[in-house]
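Text of my_file-v3.txt, listed as compact mmCIF, C-alpha atoms:
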# COMPACT_ATOMS: atom_id res chain seq x y z
CA MET A 1 -27.29 17.00 -10.50
CA THR A 2 -27.62 20.24 -8.65
CA GLY A 3 -25.07 22.88 -7.80
CA ALA A 4 -24.85 24.57 -11.18
CA SER A 5 -24.05 27.79 -9.40
CA ALA A 6 -21.38 26.29 -7.18
CA GLU A 7 -17.96 27.83 -7.59
CA LEU A 8 -14.90 25.77 -7.02
CA PRO A 9 -11.25 26.78 -6.71
CA ALA A 10 -9.31 27.22 -9.93
CA GLY A 11 -8.40 23.91 -11.46
CA LEU A 12 -10.24 21.78 -8.93
CA LEU A 13 -13.40 21.03 -10.86
CA ASN A 14 -11.57 19.90 -13.96
CA GLU A 15 -9.37 17.61 -11.91
CA ILE A 16 -12.09 15.77 -9.98
CA VAL A 17 -13.38 12.68 -11.72
CA PHE A 18 -17.02 12.36 -10.72
CA ASP A 19 -18.72 9.05 -11.46
CA ALA A 20 -21.82 8.61 -13.61
CA ARG A 21 -23.95 9.78 -10.66
CA GLY A 22 -21.88 12.94 -10.29
CA LEU A 23 -20.31 11.63 -7.08
CA VAL A 24 -16.80 11.11 -5.74
CA PRO A 25 -15.87 9.16 -2.58
CA ALA A 26 -14.43 11.19 0.27
CA ILE A 27 -12.31 9.94 3.15
CA ALA A 28 -12.51 11.97 6.37
CA GLN A 29 -9.34 11.89 8.44
CA GLN A 30 -8.73 13.54 11.80
CA HIS A 31 -6.11 16.13 10.89
CA ASP A 32 -3.84 15.80 13.92
CA THR A 33 -4.03 12.15 14.96
CA GLY A 34 -4.31 10.77 11.42
CA GLU A 35 -7.24 8.56 12.39
CA VAL A 36 -9.38 7.58 9.41
CA LEU A 37 -12.87 8.42 10.58
CA MET A 38 -15.30 7.55 7.78
CA VAL A 39 -15.90 7.39 4.05
CA ALA A 40 -18.86 9.10 2.37
CA TRP A 41 -19.80 10.61 -0.97
CA MET A 42 -19.63 14.17 -2.27
CA ASN A 43 -21.07 15.84 -5.34
CA ARG A 44 -19.94 19.17 -6.75
CA GLU A 45 -22.31 21.07 -4.50
CA ALA A 46 -21.12 19.28 -1.35
CA ILE A 47 -17.51 20.11 -2.21
CA GLU A 48 -18.34 23.73 -2.87
CA GLU A 49 -20.31 24.06 0.37
CA SER A 50 -17.61 22.34 2.43
CA LEU A 51 -14.93 24.70 1.10
CA ARG A 52 -17.14 27.76 1.50
CA THR A 53 -18.41 27.06 5.01
CA GLY A 54 -15.42 25.21 6.46
CA ARG A 55 -17.63 22.34 7.57
CA ALA A 56 -17.76 18.93 5.91
CA CYS A 57 -20.87 18.42 3.83
CA TYR A 58 -21.53 15.18 1.97
CA TRP A 59 -24.16 13.80 -0.40
CA SER A 60 -26.53 11.27 1.12
CA ARG A 61 -27.32 8.64 -1.49
CA SER A 62 -30.15 7.22 0.61
CA ARG A 63 -31.81 10.58 1.14
CA GLY A 64 -30.80 12.06 -2.20
CA ALA A 65 -29.85 15.30 -0.47
CA LEU A 66 -26.92 17.22 0.92
CA TRP A 67 -25.80 15.78 4.23
CA ARG A 68 -24.37 18.40 6.51
CA LYS A 69 -22.41 16.16 8.84
CA GLY A 70 -23.47 16.73 12.43
CA GLU A 71 -26.60 18.68 11.56
CA THR A 72 -28.72 16.20 13.51
CA SER A 73 -26.19 14.70 15.89
CA GLY A 74 -24.05 17.75 16.60
CA GLN A 75 -20.97 15.74 15.64
CA VAL A 76 -19.70 18.25 13.10
CA GLN A 77 -16.43 18.16 11.18
CA ALA A 78 -14.49 21.37 10.76
CA LEU A 79 -12.70 21.22 7.42
CA ILE A 80 -8.97 21.79 7.71
CA GLU A 81 -7.94 20.87 4.16
CA LEU A 82 -9.28 19.17 1.05
CA ARG A 83 -6.89 16.96 -0.90
CA LEU A 84 -7.23 15.07 -4.17
CA ASP A 85 -5.47 11.92 -5.30
CA CYS A 86 -3.37 11.42 -8.42
CA ASP A 87 -6.16 10.21 -10.66
CA GLY A 88 -8.69 12.61 -9.20
CA ASP A 89 -11.29 10.03 -8.24
CA THR A 90 -10.97 10.19 -4.45
CA VAL A 91 -11.07 13.15 -2.10
CA LEU A 92 -9.36 13.27 1.30
CA LEU A 93 -10.79 15.65 3.87
CA LEU A 94 -8.59 16.58 6.80
CA VAL A 95 -11.06 17.49 9.49
CA ASP A 96 -11.40 18.27 13.16
CA GLN A 97 -14.13 15.92 14.35
CA THR A 98 -16.37 17.02 17.20
CA GLY A 99 -17.30 13.96 19.23
CA VAL A 100 -17.76 10.82 17.18
CA ALA A 101 -17.88 10.21 13.43
CA CYS A 102 -19.76 6.90 13.45
CA HIS A 103 -23.50 6.50 13.81
CA THR A 104 -22.79 3.64 16.25
CA GLY A 105 -21.35 6.23 18.66
CA ARG A 106 -17.74 5.23 18.05
CA ARG A 107 -15.06 7.70 17.12
CA SER A 108 -14.30 6.00 13.78
CA CYS A 109 -16.42 3.86 11.48
CA PHE A 110 -13.45 1.50 11.10
CA PHE A 111 -13.93 -0.20 14.46
CA ARG A 112 -13.63 -3.80 13.30
CA ALA A 113 -10.33 -5.53 12.53
CA VAL A 114 -9.10 -8.97 11.63
CA ARG A 115 -7.12 -10.13 14.66
CA ASP A 116 -6.16 -13.69 15.49
CA GLY A 117 -8.06 -14.85 12.44
CA LYS A 118 -11.33 -13.29 13.55
CA LEU A 119 -13.23 -10.11 12.80
CA THR A 120 -13.04 -8.31 16.13
CA THR A 121 -14.50 -5.09 17.50
CA ILE A 122 -11.54 -2.92 18.50
CA ALA A 123 -13.18 0.34 19.60
CA GLU A 124 -15.70 1.11 22.29
CA VAL A 125 -18.88 3.10 21.98
CA VAL A 126 -18.06 6.61 23.22
CA THR A 127 -21.54 8.09 22.99
CA ASP A 128 -24.82 6.20 23.10
CA PRO A 129 -26.42 6.54 19.66
CA ALA A 130 -29.74 7.19 21.40
CA GLU A 131 -28.17 10.36 22.80
CA LEU A 132 -26.79 11.39 19.42
CA TYR A 133 -30.14 11.31 17.74
CA ALA A 134 -32.49 12.13 20.63
CA ASP A 135 -34.55 15.32 20.69
CA LYS A 136 -33.48 16.17 17.19
CA ASP A 137 -36.47 16.75 14.94
CA MET B 1 -15.36 -13.40 -10.20
CA THR B 2 -12.59 -15.72 -9.17
CA GLY B 3 -11.42 -16.84 -5.76
CA ALA B 4 -14.03 -19.48 -5.08
CA SER B 5 -11.43 -21.35 -3.05
CA ALA B 6 -10.35 -18.34 -1.03
CA GLU B 7 -10.81 -18.72 2.68
CA LEU B 8 -11.46 -15.70 4.80
CA PRO B 9 -11.47 -15.26 8.57
CA ALA B 10 -14.61 -16.20 10.41
CA GLY B 11 -17.28 -13.59 9.99
CA LEU B 12 -15.35 -11.42 7.57
CA LEU B 13 -16.83 -12.55 4.29
CA ASN B 14 -20.42 -12.12 5.43
CA GLU B 15 -19.67 -8.63 6.71
CA ILE B 16 -18.02 -7.23 3.59
CA VAL B 17 -20.45 -5.62 1.16
CA PHE B 18 -19.00 -6.18 -2.30
CA ASP B 19 -20.49 -4.17 -5.15
CA ALA B 20 -22.08 -5.61 -8.27
CA ARG B 21 -18.59 -6.23 -9.70
CA GLY B 22 -17.54 -8.13 -6.58
CA LEU B 23 -15.29 -5.27 -5.48
CA VAL B 24 -14.84 -3.16 -2.37
CA PRO B 25 -12.72 0.01 -2.11
CA ALA B 26 -9.66 -0.19 0.11
CA ILE B 27 -7.76 2.67 1.72
CA ALA B 28 -4.08 2.05 2.41
CA GLN B 29 -2.75 3.93 5.42
CA GLN B 30 0.82 3.97 6.73
CA HIS B 31 0.38 2.26 10.08
CA ASP B 32 2.68 4.43 12.20
CA THR B 33 2.47 7.91 10.69
CA GLY B 34 -1.22 7.70 9.78
CA GLU B 35 -0.56 9.00 6.27
CA VAL B 36 -3.27 8.02 3.80
CA LEU B 37 -1.28 6.57 0.90
CA MET B 38 -3.75 5.47 -1.76
CA VAL B 39 -7.15 4.01 -2.52
CA ALA B 40 -7.62 0.92 -4.69
CA TRP B 41 -10.06 -1.96 -5.13
CA MET B 42 -10.12 -5.47 -3.70
CA ASN B 43 -12.14 -8.54 -4.53
CA ARG B 44 -12.53 -11.56 -2.31
CA GLU B 45 -9.40 -13.17 -3.69
CA ALA B 46 -7.28 -10.04 -3.14
CA ILE B 47 -8.43 -9.88 0.47
CA GLU B 48 -7.71 -13.54 1.03
CA GLU B 49 -4.25 -13.28 -0.53
CA SER B 50 -3.38 -10.11 1.40
CA LEU B 51 -4.29 -11.75 4.70
CA ARG B 52 -2.52 -15.00 3.83
CA THR B 53 0.72 -13.50 2.52
CA GLY B 54 0.94 -10.37 4.68
CA ARG B 55 1.38 -8.19 1.59
CA ALA B 56 -1.26 -5.91 0.13
CA CYS B 57 -2.81 -7.28 -3.03
CA TYR B 58 -5.52 -5.38 -4.93
CA TRP B 59 -7.70 -5.96 -7.95
CA SER B 60 -6.73 -3.98 -11.04
CA ARG B 61 -9.89 -2.95 -12.86
CA SER B 62 -7.92 -1.86 -15.94
CA ARG B 63 -6.03 -5.13 -16.22
CA GLY B 64 -8.80 -7.33 -14.85
CA ALA B 65 -6.29 -9.17 -12.68
CA LEU B 66 -4.87 -9.33 -9.18
CA TRP B 67 -2.47 -6.47 -8.57
CA ARG B 68 0.27 -7.42 -6.17
CA LYS B 69 1.33 -3.95 -5.10
CA GLY B 70 5.03 -3.46 -5.74
CA GLU B 71 5.43 -6.52 -7.93
CA THR B 72 6.77 -4.36 -10.75
CA SER B 73 8.04 -1.30 -8.87
CA GLY B 74 9.33 -2.98 -5.71
CA GLN B 75 7.23 -0.57 -3.66
CA VAL B 76 5.50 -3.28 -1.63
CA GLN B 77 3.13 -2.83 1.29
CA ALA B 78 3.47 -5.13 4.28
CA LEU B 79 0.01 -5.64 5.73
CA ILE B 80 -0.18 -4.77 9.40
CA GLU B 81 -3.96 -4.97 9.90
CA LEU B 82 -7.16 -5.09 7.88
CA ARG B 83 -10.12 -3.12 9.20
CA LEU B 84 -13.71 -2.82 8.05
CA ASP B 85 -16.12 0.07 8.45
CA CYS B 86 -19.54 0.03 10.09
CA ASP B 87 -21.54 -0.70 6.97
CA GLY B 88 -18.95 -3.07 5.57
CA ASP B 89 -18.48 -1.34 2.25
CA THR B 90 -14.97 0.05 2.75
CA VAL B 91 -11.78 -1.67 3.86
CA LEU B 92 -8.90 0.07 5.62
CA LEU B 93 -5.47 -1.51 5.29
CA LEU B 94 -2.83 -0.49 7.79
CA VAL B 95 0.41 -1.09 5.94
CA ASP B 96 4.13 -0.50 6.08
CA GLN B 97 4.93 1.06 2.72
CA THR B 98 8.32 0.43 1.16
CA GLY B 99 9.34 3.56 -0.76
CA VAL B 100 6.47 5.34 -2.44
CA ALA B 101 2.82 4.42 -2.93
CA CYS B 102 2.06 6.66 -5.91
CA HIS B 103 2.94 5.90 -9.52
CA THR B 104 4.11 9.52 -9.82
CA GLY B 105 6.92 8.68 -7.42
CA ARG B 106 5.41 10.51 -4.49
CA ARG B 107 4.92 8.92 -1.11
CA SER B 108 1.11 9.39 -1.17
CA CYS B 109 -1.35 9.66 -4.03
CA PHE B 110 -3.01 12.56 -2.18
CA PHE B 111 -0.36 15.13 -3.10
CA ARG B 112 -2.71 17.91 -4.24
CA ALA B 113 -4.56 20.21 -1.86
CA VAL B 114 -6.76 23.27 -2.04
CA ARG B 115 -4.68 26.05 -0.51
CA ASP B 116 -5.26 29.79 -0.92
CA GLY B 117 -8.13 29.03 -3.25
CA LYS B 118 -6.03 26.99 -5.66
CA LEU B 119 -5.33 23.31 -6.23
CA THR B 120 -1.67 23.06 -5.25
CA THR B 121 0.92 20.29 -5.35
CA ILE B 122 2.04 19.78 -1.76
CA ALA B 123 4.44 16.84 -2.02
CA GLU B 124 7.64 16.33 -3.95
CA VAL B 125 8.55 13.43 -6.17
CA VAL B 126 10.71 11.13 -4.04
CA THR B 127 11.61 8.60 -6.72
CA ASP B 128 11.67 9.19 -10.48
CA PRO B 129 8.85 7.08 -11.96
CA ALA B 130 11.27 6.07 -14.73
CA GLU B 131 13.32 4.36 -12.06
CA LEU B 132 10.30 2.67 -10.51
CA TYR B 133 9.26 1.02 -13.73
CA ALA B 134 12.62 0.61 -15.51
CA ASP B 135 13.95 -2.82 -16.33
CA LYS B 136 10.72 -4.42 -15.19
CA ASP B 137 9.16 -6.34 -18.06

Could you spell out this file's structure in structure tokens?
Amino acid sequence: MTGASAELPAGLLNEIVFDARGLVPAIAQQHDTGEVLMVAWMNREAIEESLRTGRACYWSRSRGALWRKGETSGQVQALIELRLDCDGDTVLLLVDQTGVACHTGRRSCFFRAVRDGKLTTIAEVVTDPAELYADKD
Amino acid sequence: MTGASAELPAGLLNEIVFDARGLVPAIAQQHDTGEVLMVAWMNREAIEESLRTGRACYWSRSRGALWRKGETSGQVQALIELRLDCDGDTVLLLVDQTGVACHTGRRSCFFRAVRDGKLTTIAEVVTDPAELYADKD
């Protein structure tokens, strides 16, 4: 765990139930349309940074590092509000998503649905992923 | 794990990434307002039952049993659509919630928010929890 110096709002830290890895799942929701965009993980430091900077920052389990959403792709999320559920083990981020949330270039990661007894793709690619990740380090 | 006989729509089972316990997190969202109501867990059997019956059914980790939402409280969730995210490790249920989703008697479990630097309760109790769970075994 990192983030020993991170300061969190009064009462928040004691109310969040981090798992054994020091992580809590976070749902990102577009604040005005209500669209559920993605789910990722946050640690204490990611929560502190998100609240301090007003931009959603997650914890990348694969990279083992803070993941400032949009840092590579430009598809940033302005943080409107952070909410916590009743048992404190899930965070809900109301955000304003620039562009697309999903690495496939779709607005939301939840682009597959069961319809007519089949798993069906229900959303189009808005931005070619090659564009999202081109010319970025 | 149970549910060996459960049948799932073509393609769905292979696309869902269950964890080591055979579980996947599920977000319940009110289908028309977009309100995020709660997060719970599903196993294969809970998914199969939800799709077959049209009512949300979860897996209760504390009870180690299927949790037919609303069975005790009457606060059932009609299943409108089941969606899956890009990496298959989170399910989104679009539901029509009868009454309240939260055991505290509030509509949504996400009733606390960071506002003005403090964790604040932002939603009122709609139904007294004593009423929700009274006279039910």

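Reported to one decimal place, the separation of atom CA of Asp89 of chain B from atom CA of Gln75 of chain A is 21.8 Å.
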
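Using only C-alpha atoms, the nearest neighbour of Ser60 of chain A within the list A:Trp41, A:Tyr133, A:Phe18, A:Phe110 is A:Trp41.
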
Closest of B:Ser108, B:Thr72, B:Thr53, B:Asn43 to Asp87 of chain A - atom-to-atom distances counting all atoms listed in the file: B:Ser108

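Interatomic distance, atom CA of Gly54 of chain A against atom CA of Leu79 of chain A: 4.9 Å.
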
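With only C-alpha atoms as the basis for measurement, A:Asp85 is the residue among A:Asp19, A:Asp32, A:Asp85, A:Glu49 that approaches chain B most closely.
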
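Atom to atom, atom CA of Ala28 of chain A and atom CA of Val91 of chain A stand 8.7 Å apart.
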
8 Å contacts from chain B to chain A using only C-alpha atoms, as a short mmCIF file (atom, residue, chain, number, x, y, z; two decimals) with C-alpha atoms, in the coordinates of the input:
data_model
loop_
_atom_site.label_atom_id
_atom_site.label_comp_id
_atom_site.auth_asym_id
_atom_site.auth_seq_id
_atom_site.Cartn_x
_atom_site.Cartn_y
_atom_site.Cartn_z
CA PRO B 9 -11.47 -15.26 8.57
CA ALA B 10 -14.61 -16.20 10.41
CA GLY B 11 -17.28 -13.59 9.99
CA LEU B 12 -15.35 -11.42 7.57
CA THR B 33 2.47 7.91 10.69
CA GLY B 34 -1.22 7.70 9.78
CA GLU B 35 -0.56 9.00 6.27
CA MET B 38 -3.75 5.47 -1.76
CA VAL B 39 -7.15 4.01 -2.52
CA GLU B 81 -3.96 -4.97 9.90
CA LEU B 82 -7.16 -5.09 7.88
CA ARG B 83 -10.12 -3.12 9.20
CA LEU B 84 -13.71 -2.82 8.05
CA ASP B 85 -16.12 0.07 8.45
CA CYS B 86 -19.54 0.03 10.09
CA THR B 90 -14.97 0.05 2.75
CA LEU B 92 -8.90 0.07 5.62
CA CYS B 102 2.06 6.66 -5.91
CA THR B 104 4.11 9.52 -9.82
CA CYS B 109 -1.35 9.66 -4.03
CA PHE B 110 -3.01 12.56 -2.18
CA PHE B 111 -0.36 15.13 -3.10
CA ARG B 112 -2.71 17.91 -4.24
CA ALA B 113 -4.56 20.21 -1.86
CA VAL B 114 -6.76 23.27 -2.04
CA ARG B 115 -4.68 26.05 -0.51
CA GLY B 117 -8.13 29.03 -3.25
CA LYS B 118 -6.03 26.99 -5.66
CA LEU B 119 -5.33 23.31 -6.23
#

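Selection around (-29.8, 9.7, 23.3) with radius 12 Å, counting only C-alpha atoms, yields the residues Thr72, Ser73, Gly74, His103, Thr104, Gly105, Thr127, Asp128, Pro129, Ala130, Glu131, Leu132, Tyr133, Ala134, Asp135 and Lys136 of chain A.
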
Mind giving me the axis-aligned box for segment 20-34 of chain A with 8 Å on every side, centre plus edges in Å to one decimal, as lines of an AutoDock Vina configuration file?
center_x = -13.9
center_y = 12.4
center_z = 0.7
size_x = 36.1
size_y = 23.5
size_z = 44.6

Measuring between all atoms listed in the file, which one of B:Ser62, B:Gln77, B:Asn14, B:Ser50 shows the shortest distance to Val100 of chain B? B:Gln77

If you count all atoms listed in the file, which residues fall within 10 Å of Met42 of chain A, apart from same-chain ones fewer than 4 positions away, as a PDB file with C-alpha atoms, in the frame of the given file?
ATOM      1  CA  PHE A  18     -17.020  12.360 -10.720  1.00  0.00           C
ATOM      2  CA  GLY A  22     -21.880  12.940 -10.290  1.00  0.00           C
ATOM      3  CA  LEU A  23     -20.310  11.630  -7.080  1.00  0.00           C
ATOM      4  CA  VAL A  24     -16.800  11.110  -5.740  1.00  0.00           C
ATOM      5  CA  PRO A  25     -15.870   9.160  -2.580  1.00  0.00           C
ATOM      6  CA  ALA A  26     -14.430  11.190   0.270  1.00  0.00           C
ATOM      7  CA  ALA A  46     -21.120  19.280  -1.350  1.00  0.00           C
ATOM      8  CA  ILE A  47     -17.510  20.110  -2.210  1.00  0.00           C
ATOM      9  CA  GLU A  48     -18.340  23.730  -2.870  1.00  0.00           C
ATOM     10  CA  SER A  50     -17.610  22.340   2.430  1.00  0.00           C
ATOM     11  CA  ALA A  56     -17.760  18.930   5.910  1.00  0.00           C
ATOM     12  CA  CYS A  57     -20.870  18.420   3.830  1.00  0.00           C
ATOM     13  CA  TYR A  58     -21.530  15.180   1.970  1.00  0.00           C
ATOM     14  CA  TRP A  59     -24.160  13.800  -0.400  1.00  0.00           C
ATOM     15  CA  SER A  60     -26.530  11.270   1.120  1.00  0.00           C
ATOM     16  CA  ARG A  61     -27.320   8.640  -1.490  1.00  0.00           C
ATOM     17  CA  LEU A  66     -26.920  17.220   0.920  1.00  0.00           C
ATOM     18  CA  TRP A  67     -25.800  15.780   4.230  1.00  0.00           C
ATOM     19  CA  THR A  90     -10.970  10.190  -4.450  1.00  0.00           C
ATOM     20  CA  VAL A  91     -11.070  13.150  -2.100  1.00  0.00           C
TER      21      VAL A  91
END

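Checking B:Arg21, B:Arg107, B:Gln97, B:Lys69 one by one against Glu124 of chain B, counting all atoms listed in the file, you find the shortest gap at B:Arg107.
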
When you get a chance, write out N, CA and C atoms for segment 88-113 of chain B, as a PDB file, in the frame of the given file.
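Final file, result.pdb:
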ATOM      1  N   GLY B  88     -19.610  -1.957   6.255  1.00  0.00           N
ATOM      2  CA  GLY B  88     -18.950  -3.070   5.570  1.00  0.00           C
ATOM      3  C   GLY B  88     -18.597  -2.816   4.118  1.00  0.00           C
ATOM      4  N   ASP B  89     -18.726  -1.569   3.672  1.00  0.00           N
ATOM      5  CA  ASP B  89     -18.480  -1.340   2.250  1.00  0.00           C
ATOM      6  C   ASP B  89     -17.162  -0.633   1.954  1.00  0.00           C
ATOM      7  N   THR B  90     -16.311  -0.478   2.958  1.00  0.00           N
ATOM      8  CA  THR B  90     -14.970   0.050   2.750  1.00  0.00           C
ATOM      9  C   THR B  90     -13.986  -0.651   3.677  1.00  0.00           C
ATOM     10  N   VAL B  91     -12.834  -1.004   3.113  1.00  0.00           N
ATOM     11  CA  VAL B  91     -11.780  -1.670   3.860  1.00  0.00           C
ATOM     12  C   VAL B  91     -10.668  -0.659   4.118  1.00  0.00           C
ATOM     13  N   LEU B  92     -10.066  -0.749   5.297  1.00  0.00           N
ATOM     14  CA  LEU B  92      -8.900   0.070   5.620  1.00  0.00           C
ATOM     15  C   LEU B  92      -7.728  -0.863   5.880  1.00  0.00           C
ATOM     16  N   LEU B  93      -6.670  -0.698   5.100  1.00  0.00           N
ATOM     17  CA  LEU B  93      -5.470  -1.510   5.290  1.00  0.00           C
ATOM     18  C   LEU B  93      -4.411  -0.668   5.993  1.00  0.00           C
ATOM     19  N   LEU B  94      -3.994  -1.101   7.161  1.00  0.00           N
ATOM     20  CA  LEU B  94      -2.830  -0.490   7.790  1.00  0.00           C
ATOM     21  C   LEU B  94      -1.615  -1.218   7.248  1.00  0.00           C
ATOM     22  N   VAL B  95      -0.721  -0.467   6.634  1.00  0.00           N
ATOM     23  CA  VAL B  95       0.410  -1.090   5.940  1.00  0.00           C
ATOM     24  C   VAL B  95       1.713  -0.441   6.353  1.00  0.00           C
ATOM     25  N   ASP B  96       2.807  -1.122   6.006  1.00  0.00           N
ATOM     26  CA  ASP B  96       4.130  -0.500   6.080  1.00  0.00           C
ATOM     27  C   ASP B  96       4.634  -0.398   4.652  1.00  0.00           C
ATOM     28  N   GLN B  97       4.617   0.802   4.127  1.00  0.00           N
ATOM     29  CA  GLN B  97       4.930   1.060   2.720  1.00  0.00           C
ATOM     30  C   GLN B  97       6.434   1.117   2.510  1.00  0.00           C
ATOM     31  N   THR B  98       6.938   0.295   1.616  1.00  0.00           N
ATOM     32  CA  THR B  98       8.320   0.430   1.160  1.00  0.00           C
ATOM     33  C   THR B  98       8.353   1.500   0.080  1.00  0.00           C
ATOM     34  N   GLY B  99       9.192   2.515   0.260  1.00  0.00           N
ATOM     35  CA  GLY B  99       9.340   3.560  -0.760  1.00  0.00           C
ATOM     36  C   GLY B  99       8.086   4.384  -0.911  1.00  0.00           C
ATOM     37  N   VAL B 100       7.580   4.441  -2.127  1.00  0.00           N
ATOM     38  CA  VAL B 100       6.470   5.340  -2.440  1.00  0.00           C
ATOM     39  C   VAL B 100       5.238   4.555  -2.869  1.00  0.00           C
ATOM     40  N   ALA B 101       4.074   5.091  -2.543  1.00  0.00           N
ATOM     41  CA  ALA B 101       2.820   4.420  -2.930  1.00  0.00           C
ATOM     42  C   ALA B 101       2.353   4.859  -4.307  1.00  0.00           C
ATOM     43  N   CYS B 102       2.669   6.084  -4.709  1.00  0.00           N
ATOM     44  CA  CYS B 102       2.060   6.660  -5.910  1.00  0.00           C
ATOM     45  C   CYS B 102       2.917   6.404  -7.156  1.00  0.00           C
ATOM     46  N   HIS B 103       2.231   6.162  -8.263  1.00  0.00           N
ATOM     47  CA  HIS B 103       2.940   5.900  -9.520  1.00  0.00           C
ATOM     48  C   HIS B 103       3.682   7.134 -10.034  1.00  0.00           C
ATOM     49  N   THR B 104       3.373   8.300  -9.451  1.00  0.00           N
ATOM     50  CA  THR B 104       4.110   9.520  -9.820  1.00  0.00           C
ATOM     51  C   THR B 104       5.439   9.609  -9.080  1.00  0.00           C
ATOM     52  N   GLY B 105       5.688   8.672  -8.183  1.00  0.00           N
ATOM     53  CA  GLY B 105       6.920   8.680  -7.420  1.00  0.00           C
ATOM     54  C   GLY B 105       6.839   9.437  -6.115  1.00  0.00           C
ATOM     55  N   ARG B 106       5.612   9.835  -5.777  1.00  0.00           N
ATOM     56  CA  ARG B 106       5.410  10.510  -4.490  1.00  0.00           C
ATOM     57  C   ARG B 106       4.980   9.487  -3.443  1.00  0.00           C
ATOM     58  N   ARG B 107       5.252   9.814  -2.210  1.00  0.00           N
ATOM     59  CA  ARG B 107       4.920   8.920  -1.110  1.00  0.00           C
ATOM     60  C   ARG B 107       3.420   8.567  -1.097  1.00  0.00           C
ATOM     61  N   SER B 108       2.558   9.573  -1.206  1.00  0.00           N
ATOM     62  CA  SER B 108       1.110   9.390  -1.170  1.00  0.00           C
ATOM     63  C   SER B 108       0.484   9.862  -2.475  1.00  0.00           C
ATOM     64  N   CYS B 109      -0.604   9.215  -2.851  1.00  0.00           N
ATOM     65  CA  CYS B 109      -1.350   9.660  -4.030  1.00  0.00           C
ATOM     66  C   CYS B 109      -2.081  10.984  -3.771  1.00  0.00           C
ATOM     67  N   PHE B 110      -2.265  11.336  -2.518  1.00  0.00           N
ATOM     68  CA  PHE B 110      -3.010  12.560  -2.180  1.00  0.00           C
ATOM     69  C   PHE B 110      -2.030  13.734  -2.039  1.00  0.00           C
ATOM     70  N   PHE B 111      -1.418  14.108  -3.139  1.00  0.00           N
ATOM     71  CA  PHE B 111      -0.360  15.130  -3.100  1.00  0.00           C
ATOM     72  C   PHE B 111      -0.841  16.475  -3.614  1.00  0.00           C
ATOM     73  N   ARG B 112      -2.159  16.628  -3.808  1.00  0.00           N
ATOM     74  CA  ARG B 112      -2.710  17.910  -4.240  1.00  0.00           C
ATOM     75  C   ARG B 112      -3.730  18.374  -3.202  1.00  0.00           C
ATOM     76  N   ALA B 113      -3.672  19.652  -2.877  1.00  0.00           N
ATOM     77  CA  ALA B 113      -4.560  20.210  -1.860  1.00  0.00           C
ATOM     78  C   ALA B 113      -5.064  21.569  -2.291  1.00  0.00           C
TER      79      ALA B 113
END
